[in-house]
Amino acid sequence: MAKNAKVALVTGAGSGIGKASALALLKAGYSVVFAGRRKEALDAAIKEGRGGKRALAVPANVTDPASVKALFAATKKAFGRLDVLFNNAGTGAPPIPMEDLTYEQWKLVVDTNLTGPFLCTQEAIKLMKSQKPMGGRIINNGSISAHAPRPNSVPYTATKHAITGLTKSTSLDCRKYDIACGQIDIGNAATPMTERMKKGVPQANGTMEVEPTMAVQNVAEAIVYMASRPLDANVQFLTVMAKKMPFVGRG
């Protein structure tokens, strides 16, 4: 680890927002733990960022408590501390009517989008409050869906609303440990997950519309900004979105 370098851990770092954010933190001088399900994708991201000894790939499943514990143990072993956790890993369910969703489809989204960040937050708190100097920062990926749903998106929307509760509770309960917690709400960042928007996505009025997207680098730069605040300040909530997407105003 570079001398005096801060340490960040990003979940879902093999692609999309997680990868872009992990690379941006690496570029900003952080030592970065790239966590995700696919080791080959993590290794490729680290190679792209020329991470060297400042980067560590750790295959992890955030829905599995044992895997999460192993992830944070590997972080401590490699770098000795943790300054920033970005709870980014997430998934969705097929866009079908609520009554047609299976229990398994619901549970996968809840386990990944809500239980996963909770488990990672628990382990981050344990590490951050025991290290010297004590403290750190946790950033949760909320999404525009933490404010308003898309049609046929109940598992994703419900978990992203719940993330706001997790963010607020963590922010409140961890003040005494000098641990800050904030949330970034992202709208239409251009990643493989938003490719479908180029062909049109359902709107609240029943129509299909092509939606504008923005470069994912806008999110990565926002994460670096949030991460780099001194611990006497916190970006509690930040929204970064494609300027012309149909969110502000009546649909």
# chains A, B, ... in the order shown; residues from 1 in each chain; ligands from 1

$ closest_atom_pairs --of "stretch 186-227 of chain A" --to "stretch 142-148 of chain A" --cutoff "9 Å" --atoms "only C-alpha atoms" --output "CSV"
residue,atom,partner,partner_atom,distance
A:Ile186,CA,A:Ser143,CA,4.5
A:Gly187,CA,A:Ile144,CA,5.4
A:Asn188,CA,A:Ile144,CA,8.7

$ residues_around --residues "stretch 28-40 of chain A" --least-positions-apart "4" --cutoff "6 Å" --atoms "only C-alpha atoms" --output "mmCIF file with N, CA and C atoms, in the first residue's frame"
data_model
loop_
_atom_site.group_PDB
_atom_site.id
_atom_site.type_symbol
_atom_site.label_atom_id
_atom_site.label_comp_id
_atom_site.auth_asym_id
_atom_site.auth_seq_id
_atom_site.Cartn_x
_atom_site.Cartn_y
_atom_site.Cartn_z
ATOM 1 N N ALA A 5 -1.814 6.308 1.898
ATOM 2 C CA ALA A 5 -2.943 6.193 0.983
ATOM 3 C C ALA A 5 -4.186 5.747 1.734
ATOM 4 N N LYS A 6 -5.302 6.353 1.410
ATOM 5 C CA LYS A 6 -6.564 5.902 1.976
ATOM 6 C C LYS A 6 -7.030 4.658 1.222
ATOM 7 N N VAL A 7 -7.874 3.870 1.882
ATOM 8 C CA VAL A 7 -8.294 2.583 1.334
ATOM 9 C C VAL A 7 -9.799 2.615 1.076
ATOM 10 N N ALA A 8 -10.188 2.212 -0.132
ATOM 11 C CA ALA A 8 -11.609 2.148 -0.501
ATOM 12 C C ALA A 8 -11.954 0.735 -0.943
ATOM 13 N N LEU A 9 -13.190 0.334 -0.688
ATOM 14 C CA LEU A 9 -13.711 -0.951 -1.135
ATOM 15 C C LEU A 9 -14.981 -0.688 -1.927
ATOM 16 N N VAL A 10 -15.056 -1.251 -3.122
ATOM 17 C CA VAL A 10 -16.216 -1.067 -3.994
ATOM 18 C C VAL A 10 -16.806 -2.425 -4.330
ATOM 19 N N THR A 11 -18.094 -2.605 -4.062
ATOM 20 C CA THR A 11 -18.753 -3.857 -4.455
ATOM 21 C C THR A 11 -19.339 -3.698 -5.858
ATOM 22 N N GLY A 12 -19.451 -4.819 -6.558
ATOM 23 C CA GLY A 12 -19.908 -4.752 -7.942
ATOM 24 C C GLY A 12 -18.928 -4.009 -8.816
ATOM 25 N N ALA A 13 -17.615 -4.223 -8.562
ATOM 26 C CA ALA A 13 -16.577 -3.425 -9.207
ATOM 27 C C ALA A 13 -16.111 -3.982 -10.543
ATOM 28 N N ARG A 54 -1.614 -1.266 -5.365
ATOM 29 C CA ARG A 54 -2.664 -0.466 -4.724
ATOM 30 C C ARG A 54 -4.057 -1.019 -4.988
ATOM 31 N N ALA A 55 -4.146 -2.129 -5.708
ATOM 32 C CA ALA A 55 -5.448 -2.700 -6.024
ATOM 33 C C ALA A 55 -5.484 -4.173 -5.664
ATOM 34 N N LEU A 56 -6.638 -4.622 -5.208
ATOM 35 C CA LEU A 56 -6.827 -6.014 -4.813
ATOM 36 C C LEU A 56 -8.171 -6.504 -5.328
ATOM 37 N N ALA A 57 -8.174 -7.628 -6.036
ATOM 38 C CA ALA A 57 -9.414 -8.245 -6.504
ATOM 39 C C ALA A 57 -9.853 -9.310 -5.508
ATOM 40 N N VAL A 58 -11.078 -9.199 -5.031
ATOM 41 C CA VAL A 58 -11.616 -10.184 -4.087
ATOM 42 C C VAL A 58 -12.978 -10.661 -4.587
ATOM 43 N N PRO A 59 -13.053 -11.888 -5.112
ATOM 44 C CA PRO A 59 -14.361 -12.429 -5.486
ATOM 45 C C PRO A 59 -15.245 -12.533 -4.243
ATOM 46 N N ALA A 60 -16.472 -12.026 -4.349
ATOM 47 C CA ALA A 60 -17.350 -12.011 -3.175
ATOM 48 C C ALA A 60 -18.799 -12.014 -3.600
ATOM 49 N N ASN A 61 -19.619 -12.613 -2.763
ATOM 50 C CA ASN A 61 -21.068 -12.633 -2.939
ATOM 51 C C ASN A 61 -21.680 -11.897 -1.761
#

$ closest_residue --among "A:Pro155, A:Gly165, A:Pro212, A:Gly52" --to "A:Met197" --atoms "only C-alpha atoms"
A:Pro212

$ select_by_dssp --residues "stretch 42-192 of chain A" --states "alpha helix (DSSP H)" --output "PyMOL selection string"
chain A and resi 42-48+65-79+103-110+116-130+154-173

$ select_by_dssp --residues "stretch 68-226 of chain A" --states "strand (DSSP E)" --output "list in words"
Val84, Leu85, Phe86, Asn87, Gly136, Arg137, Ile138, Ile139, Asn140, Asn141, Ile179, Ala180, Cys181, Gly182, Gln183, Ile184, Asp185, Ile186, Gly187, Val201, Pro202, Met208 and Glu209 of chain A
